[in-house]
Amino acid sequence: MTETALRTDASRRKFSLDMRALSPFLALIVLAIAGALINPDFLTASNILNVVTRSAFIAIIAVGATFVISGGGLDLSVGSMAALVAGVMILTLNWLGAPGVSTLALGMLVAVSLGAACGLANGLIVTFGRIEPFIVTLGTMGIFRSLVIWLAAGGTITMRNSELRELYRPVYFGDIAGVPVPIIAFVVVAAIGALILYKTSFGRHVIALGSNEDVARYSGVPIWRVRTLTYVIQGICVGIAILIYVPRLGSATPTTGLLWELQAITAVVIGGTALRGGLGRVWGTVAGAIILELVANIMVLSNFVSEFLVGAVQGAIIIIAMLVQRSLQRGR
Amino acid sequence: MTETALRTDASRRKFSLDMRALSPFLALIVLAIAGALINPDFLTASNILNVVTRSAFIAIIAVGATFVISGGGLDLSVGSMAALVAGVMILTLNWLGAPGVSTLALGMLVAVSLGAACGLANGLIVTFGRIEPFIVTLGTMGIFRSLVIWLAAGGTITMRNSELRELYRPVYFGDIAGVPVPIIAFVVVAAIGALILYKTSFGRHVIALGSNEDVARYSGVPIWRVRTLTYVIQGICVGIAILIYVPRLGSATPTTGLLWELQAITAVVIGGTALRGGLGRVWGTVAGAIILELVANIMVLSNFVSEFLVGAVQGAIIIIAMLVQRSLQRGR
Amino acid sequence: QQKSVTIGVSIPAATHGWTGGVVYHAQETAKALEKAYPGLKVVVKTSPDGASQANALDDLSAQKIDALVVLPFNSDELTNPVNEVKKRGTFITVVDRGLKDPSIQDIYVAGNNPEFGRVAGKYFVDNLKQGNVVIFRGIPTVIDEERVTNFEKALQGSGVKVIDKQYANWNRDDAFRVMQDYLSKHPKIDAVWASDDDMALGVMEAIRQAKRDDVKFVLGGAGMKDIVKRVMDGDKMTPANVSYPPAMISTAMYVTAGQFFANAPMRGTYVINAELITKDNAKNHYFPNSPF
Amino acid sequence: MSGISLDLQAGEVHAVIGENGAGKSTLMRILSGHLTPTKGSLHLDGQPISFSGPVEAEGKGIVLVHQEILLAQDLTVAQNLFLGRELRRYGFVDDRAMRERTRAVLDELGVSIDPDRVVGRLSIADRQLVQIARALLVPHKVVAFDEPTAVLTPIEAESLFQIIRRLRSQGVAVLYISHRLNEVKVVADRVTVLRDGRLITTRDIEGLEPLEMARLMVGRDMSKLYPEKPATASDQTILTVRDMSVPGYVENASFKLRRGEILGFGGLIGAGRTELFEGLVGLRPSQGAVTLDGTKVHFSDAREAMAAGVVYLSEDRKGKGLLLQQNLRVNLTLAALEKFTRGSFIDVAGEERTLDEAIKDFDIRTRRRDLLAGQLSGGNQQKLLLAKMMLIEPRIVIIDEPTRGVDIGTKEQIYRFIASLAEQGRSVIVISSEMQELIGLCHRVVVMRNGQVAGEVEQADLSEDAIVYLATGVHEERAAEIAAGHV
Ligand SMILES: Nc1ncnc2c1ncn2[C@@H]1O[C@H](COP(=O)(O)OP(=O)(O)OP(=O)(O)O)[C@@H](O)[C@H]1O
Ligand SMILES: Nc1ncnc2c1ncn2[C@@H]1O[C@H](COP(=O)(O)OP(=O)(O)OP(=O)(O)O)[C@@H](O)[C@H]1O
Ligand SMILES: O[C@@H]1[C@@H](O)[C@H](O)OC[C@H]1O
Ligand SMILES: [Mg+2]
Ligand SMILES: [Mg+2]
């Protein structure tokens, strides 16, 4: 009876689910091919490594955003939070002074803890204030950004000790067995993220919360804790992203991290996570972050597009990439 | 039988609903009182008129956003769209040359039509491409912004004819019976918006769509048309906002309308419209837009806060305003 | 007898290094002036874009200011709003970016953006003679447009060729990214016009990483203290800079205060020209205590 | 489903019965244009017809009252009734006219729901009534009801039957789907039985008794629906609730629960039973003294209650019971995930094993193990929910409307399961609006009315009259009349 109908239906779903998971990677490949056609320099190892390395910050932050979004939330404050964490970390390093691994370690601890604390603030206001996360994190976005500007007194916060800088540099510029450290970092973060989201009960609870809050509550999921923790994880990810951001240029400015929130959310959505919650794709998110960086790279490498129109082409590519993904998913 | 239970329940509901509708206006009043305490100049007629006049752009755009959001969508492109519309309108006026009412009228027509066209583009991509509106309008945000940059060749687009400028000036600076034209404009737009949203079947369909798309479809609501139209209305509102924006500054730049989308969405949410769709409050939105402008005004009028921290205080005020609203709604 | 005077200062918000410097100097100067002249009140307000600045001007005049010092976000946009303030009899000092109608201002402390581009261009012609140059643009604004057009004009007829230009938003990270891509794309880049010191820092980091020795130098701009220090120290990569001191806001505030508290009325234009900073004169441009 | 033929005559009530997942709703969706069949044809008044969607079908006079509530939560009753077909005046919606028509239609149904209430605030029963009203609003030749009475009170159901009879007398063809076979016997003229997507038979109601219907549906004899009541009810009180209040819903409710007892909670829909127990397990704010095993307890969320061995299974399976967008495994273990974590990680293999067992133990019928919970039929969803909550190994199980929308075969399985819980020494609270269920299953029944405990009926005194009297406060004879018209 419905047997046939049911079977085709289910297998179709199966297929389309797989497509949904695969399609960001396909989009990545298509873009890479397009890049290679536009400029042969695109495929040089150094260019590819540059691009992937650069995507590390957004990728790591977006892994955190995958938790928040698949749990049904949203965090617009990550860009400002990144700037604040970077600023405070540098100030701490400057204040500690002595170049040495222990100074660095302490600075890093401060960065990650501050990230976690900022995330906790977001999480607590969202859960206990019961305000739309959009508004809460828009508010904290303004707060964090202002605090950086204030700390920098309008200028730039720079690592003063050049010895310490040299010591720290390899965390961005170094490599292990030829693989740049930031790439290793984001792979590790994504792997841990995937592990937490897919293999722990906390991760299961996040998805349950994003699917249907009532069901989660009636099933005894500690929804307040879970929701707050997603924001804390987001904050920790921001902290980790900053650990590899600071050694790059050694400074934080009032523009550090500007619009990173939009990039992170875009990476998450391109990666196949649903904005309405209940579905998270950590690896897709990483692919999404690389796609964004790739599009920007192709824009600079190509010679067709006036610098005025780069944004337009970038916008169009992202829309087209999503259109293609969708049609792949529906196609068969 | 169930009579009593039903009756107690109904009265509860009534009250909390009213609170939700009223609370943005209460927040407005509380802020106004705070402003008056902080600086006596705040309550001068000229200051109040200034503030309300200025809120016109965001208010008008946010009325459009109320449609999009209560229909379950989102439009991040309005700021860039505003810049594009302003740029093209000014170029048209410059190109037409002859100062005169008909030139102005033609320019205005171009502005509103272009707004509608941009909205239509957003709407069609969202409905037919079935892509998350977040991504679509993030893409078109880039596209519109780039087009302005391109049209302005990286600089500014300015109304060249000073006679025409003088002719056009009263549309922002003039008043009718003491009420500044922009205030009249946004009241009219809000009134028409409220009429459409609450009193036409289209408006009803918007709410149904935002509430539950499946139900809307089963009930024979032409969901594609309705959804697309919400974006078109948003575009028209952007066009109208620009009609009163251009006479004020007489030019459009690549930074015109930057972050207006966030302001518009914030106004909508503060006004009581739910971001998940299914509930729209046109007048609340207008109150929300005025609240935002008021907070900025109080920041300028107060002298306690270091310039670097203005953003922090603004962010905090918005969160607190929402917290107060929520507790009012839950309170009794 | 004690005069009571209020000066309003309206400047762009601290969105990047240079504007950050402007805000810093404005606030410091405000404090110094209030101390120096009892009875003087200085109100500093920042705005993130042209329209908000117009709003801030409204709000400032609602507080009945006697003088306005304004660094307009944008000449075209702010001409009218400043004129509205003027109409109430307020004394007007314009800084950096001139208004469309110069008759509005009482004092103009001019930064000169076309000159900024020209000086930089001339440096490339004189020192590079020929070769390939890449350009970093700032945020799409009139300032940026004026600088880049005049830079390119200055190169005309020389052997120096612009092979690429992209926006990097006066932002270090964006400049780093764009420079990496330039280096992938162009096998030979002789010199870089970063047009801003924040961007120059990002650019140099990318060059260092790529270990490319074809790039002979990077020219930034605006006289950030770290960069000026390098010029002073004879750093090969940063042999020069073009000044564009954010402290020009202080100058403007001082002369405006002088209008009320010194005996001679102040009028006219004070040009703070874009100057080439080299090893020889770097000392005069080095302010280690400035945040910028 | 395949090869089903069905003829509907003007002026008849044609019932369609079958197990959960037999294809009843699917058939109905095809008739009303929501689904297009791969094969076959449709004739109306002798003319072959086809429609591209429900709107067109409605235009031709075929309307459907869905099994799921398809209403926009944020719109009012009147707005929902007229959604997609608003009445207009001068181009604007004519709210007053719609409100009045709404009131009229609701009056006809014998219910007094405020047309201006937001649907999201209505009880499920009221929503169902609104949905029925919406269907009756347009001119119709064929009206199809998919389990309309599952959430209605006896009185409301009776007024629905009256409407159905009236439709029949007006020459409308009524298609009626229900799991309540007594009801089918009362309203239907002919009965079609489906099993596994195939047509079993179509018969006149004459001479077709509920027992026979059940046999046709399930394929085996169903004469013994209720199991023996286990003789395990001890004197030992495990739970005492004193003066429990849930603001707005329940006032000073008190009762005791014994070990191994099946305690029923009766009353009309809306009496506050759900809220009482939601309050008890910490899902709503509540006050009152709760003693569990001699110690005072207060649960502030479901987790605490579960930790103490008290679980509550919501009547709202789709909204509060299961994650419809997630697969069976995820749903099954959600409430008891700690049991499946080895170290810090979930033991998926263990989950899979448990799913296998649950499918076997609870007879969850699904052709694929990787279906989403939302794709199961109603009865199987209920079994999945039971399986999910049993993983907690509770001492006290509170089941709200355990057999709502469940077929008779599954009902029997669920009853047997509930009895076996008691046999294991657990205590069970069954909240049900079906009096027969309470009578057939429970040792004792507490009846609520208007948020208060109206009284208690011991096993020996269990009868519909007794329950209805306590539930309605209406005099016995009248109550008996009402009861006679129903179930
Ligand atoms: N969206 C869907 N995807 C896959 N299978 C489905 C879907 N909807 C229904 N089915 C399957 O189709 C079959 C028939 O379902 P239908 O809803 O018609 O059953 P029913 O007879 O109405 O059952 P119930 O009495 O529980 O309402 C069931 O096996 C069900 O699992
Ligand atoms: N979400 C809701 N919001 C507000 N009121 C509600 C809501 N759901 C139900 N009610 C009202 O609360 C009362 C109880 O609702 P419900 O139908 O759930 O009754 P109940 O007590 O659970 O019934 P039963 O006794 O059959 O379990 C009714 O008067 C109903 O109108
Ligand atoms: O804002 C500009 C700044 O970024 C640039 O470096 O110098 C001039 C300023 O006007
Ligand atoms: Mg069904
Ligand atoms: Mg109930």
# chains A, B, ... in the order shown; residues from 1 in each chain; ligands from 1
>>> calpha_fit_rmsd(fixed="chain B", moving="chain A")
0.6 Å
>>> residues_near_ligand(ligand="ligand 4", cutoff="7 Å", atoms="only C-alpha atoms and all ligand atoms", output="PyMOL selection string")
chain D and resi 20-21+23-25+67+146
>>> residues_near_ligand(ligand="ligand 5", cutoff="8 Å", atoms="only C-alpha atoms and all ligand atoms", output="number ranges by chain")
D: 269-275, 315, 400-401, 431-432
>>> closest_residue(among="C:Ser4, C:Ser10, C:Thr141, C:Asn241", to="chain B", atoms="only C-alpha atoms")
C:Thr141
>>> interface_residues(of="chain A", to="chain B", cutoff="8 Å", atoms="only C-alpha atoms", output="PDB file with C-alpha atoms, in the first residue's frame")
ATOM      1  CA  GLY A 129      15.596  37.873  30.819  1.00  0.00           C
ATOM      2  CA  ARG A 130      13.675  35.944  28.154  1.00  0.00           C
ATOM      3  CA  ILE A 131      14.536  38.560  25.578  1.00  0.00           C
ATOM      4  CA  GLU A 132      15.009  37.769  21.921  1.00  0.00           C
ATOM      5  CA  ILE A 135      18.203  42.186  20.830  1.00  0.00           C
ATOM      6  CA  VAL A 136      20.363  40.948  23.675  1.00  0.00           C
ATOM      7  CA  LEU A 138      22.842  43.498  19.538  1.00  0.00           C
ATOM      8  CA  GLY A 139      23.031  45.265  22.876  1.00  0.00           C
ATOM      9  CA  THR A 140      26.132  43.446  24.067  1.00  0.00           C
ATOM     10  CA  MET A 141      27.648  43.977  20.627  1.00  0.00           C
ATOM     11  CA  GLY A 142      27.490  47.716  21.318  1.00  0.00           C
ATOM     12  CA  ILE A 143      28.774  47.232  24.846  1.00  0.00           C
ATOM     13  CA  PHE A 144      31.772  45.075  23.929  1.00  0.00           C
ATOM     14  CA  ARG A 145      32.714  47.326  21.028  1.00  0.00           C
ATOM     15  CA  SER A 146      32.566  50.424  23.183  1.00  0.00           C
ATOM     16  CA  LEU A 147      34.708  48.809  25.822  1.00  0.00           C
ATOM     17  CA  ILE A 149      37.342  51.654  22.005  1.00  0.00           C
ATOM     18  CA  TRP A 150      37.529  52.870  25.563  1.00  0.00           C
ATOM     19  CA  ALA A 153      41.352  55.270  24.128  1.00  0.00           C
ATOM     20  CA  GLY A 154      40.367  55.434  20.511  1.00  0.00           C
ATOM     21  CA  THR A 266      26.619  33.136   6.912  1.00  0.00           C
ATOM     22  CA  VAL A 269      23.906  28.779   7.121  1.00  0.00           C
ATOM     23  CA  LEU A 275      18.654  29.185  11.253  1.00  0.00           C
ATOM     24  CA  PHE A 308      33.882  49.156  -6.645  1.00  0.00           C
ATOM     25  CA  LEU A 309      31.854  46.120  -7.589  1.00  0.00           C
ATOM     26  CA  VAL A 310      33.669  43.445  -5.606  1.00  0.00           C
ATOM     27  CA  GLY A 311      30.936  43.457  -2.965  1.00  0.00           C
ATOM     28  CA  ALA A 312      28.250  42.993  -5.569  1.00  0.00           C
ATOM     29  CA  VAL A 313      29.918  39.997  -7.149  1.00  0.00           C
ATOM     30  CA  GLN A 314      30.599  38.515  -3.737  1.00  0.00           C
ATOM     31  CA  GLY A 315      26.949  38.915  -2.761  1.00  0.00           C
ATOM     32  CA  ALA A 316      25.830  37.395  -6.021  1.00  0.00           C
ATOM     33  CA  ILE A 318      26.843  33.633  -2.225  1.00  0.00           C
ATOM     34  CA  ILE A 319      23.248  33.765  -3.408  1.00  0.00           C
ATOM     35  CA  MET A 322      22.890  28.771  -2.097  1.00  0.00           C
ATOM     36  CA  LEU A 323      20.592  28.466  -5.110  1.00  0.00           C
ATOM     37  CA  ARG A 326      19.067  24.110  -2.878  1.00  0.00           C
TER      38      ARG A 326
END
>>> closest_atom_pairs(of="chain D", to="ligand 2", cutoff="10 Å", atoms="only C-alpha atoms and all ligand atoms", output="Markdown table")
| residue | atom | partner | partner_atom_place_in_ligand_line | distance |
| --- | --- | --- | --- | --- |
| D:Ile113 | CA | ligand 2 | 31 (O) | 9.4 |
| D:Val118 | CA | ligand 2 | 3 (N) | 9.5 |
| D:Val119 | CA | ligand 2 | 1 (N) | 9.1 |
| D:Gly120 | CA | ligand 2 | 1 (N) | 6.3 |
| D:Arg121 | CA | ligand 2 | 3 (N) | 4.1 |
| D:Leu122 | CA | ligand 2 | 31 (O) | 4.9 |
| D:Ser123 | CA | ligand 2 | 9 (C) | 3.9 |
| D:Ile124 | CA | ligand 2 | 17 (O) | 5.8 |
| D:Ala125 | CA | ligand 2 | 17 (O) | 6.2 |
| D:Asp126 | CA | ligand 2 | 31 (O) | 7.3 |
| D:Arg127 | CA | ligand 2 | 31 (O) | 9.5 |
| D:Val151 | CA | ligand 2 | 26 (O) | 8.2 |
| D:Leu152 | CA | ligand 2 | 26 (O) | 9.1 |
| D:Thr153 | CA | ligand 2 | 26 (O) | 8.5 |
| D:Gly248 | CA | ligand 2 | 12 (O) | 8.1 |
| D:Tyr249 | CA | ligand 2 | 13 (C) | 6.4 |
| D:Val250 | CA | ligand 2 | 21 (O) | 8.6 |
| D:Phe265 | CA | ligand 2 | 25 (O) | 8.0 |
| D:Gly266 | CA | ligand 2 | 25 (O) | 7.1 |
| D:Gly267 | CA | ligand 2 | 25 (O) | 5.7 |
| D:Leu268 | CA | ligand 2 | 26 (O) | 5.6 |
| D:Ile269 | CA | ligand 2 | 26 (O) | 3.3 |
| D:Gly270 | CA | ligand 2 | 19 (O) | 3.1 |
| D:Ala271 | CA | ligand 2 | 21 (O) | 4.2 |
| D:Gly272 | CA | ligand 2 | 21 (O) | 2.8 |
| D:Arg273 | CA | ligand 2 | 25 (O) | 3.9 |
| D:Thr274 | CA | ligand 2 | 22 (O) | 3.7 |
| D:Glu275 | CA | ligand 2 | 21 (O) | 5.7 |
| D:Leu276 | CA | ligand 2 | 21 (O) | 7.6 |
| D:Phe277 | CA | ligand 2 | 27 (O) | 9.1 |
| D:Glu278 | CA | ligand 2 | 22 (O) | 9.3 |
| D:Ser314 | CA | ligand 2 | 22 (O) | 9.5 |
| D:Glu315 | CA | ligand 2 | 27 (O) | 7.6 |
| D:Asp316 | CA | ligand 2 | 18 (O) | 9.1 |
| D:Asp400 | CA | ligand 2 | 27 (O) | 6.8 |
| D:Glu401 | CA | ligand 2 | 27 (O) | 7.4 |
| D:Ile431 | CA | ligand 2 | 27 (O) | 6.5 |
| D:Ser432 | CA | ligand 2 | 26 (O) | 6.7 |
| D:Ser433 | CA | ligand 2 | 26 (O) | 5.8 |
| D:Glu434 | CA | ligand 2 | 26 (O) | 9.5 |
| D:Val447 | CA | ligand 2 | 25 (O) | 9.2 |
| D:Met448 | CA | ligand 2 | 25 (O) | 7.3 |
| D:Arg449 | CA | ligand 2 | 25 (O) | 8.3 |
| D:Asn450 | CA | ligand 2 | 21 (O) | 8.4 |
| D:Gly451 | CA | ligand 2 | 21 (O) | 7.5 |
| D:Ala471 | CA | ligand 2 | 25 (O) | 9.9 |
>>> atom_distance(atom1="CA of Leu28 (chain A)", atom2="CA of Leu183 (chain C)")
22.8 Å
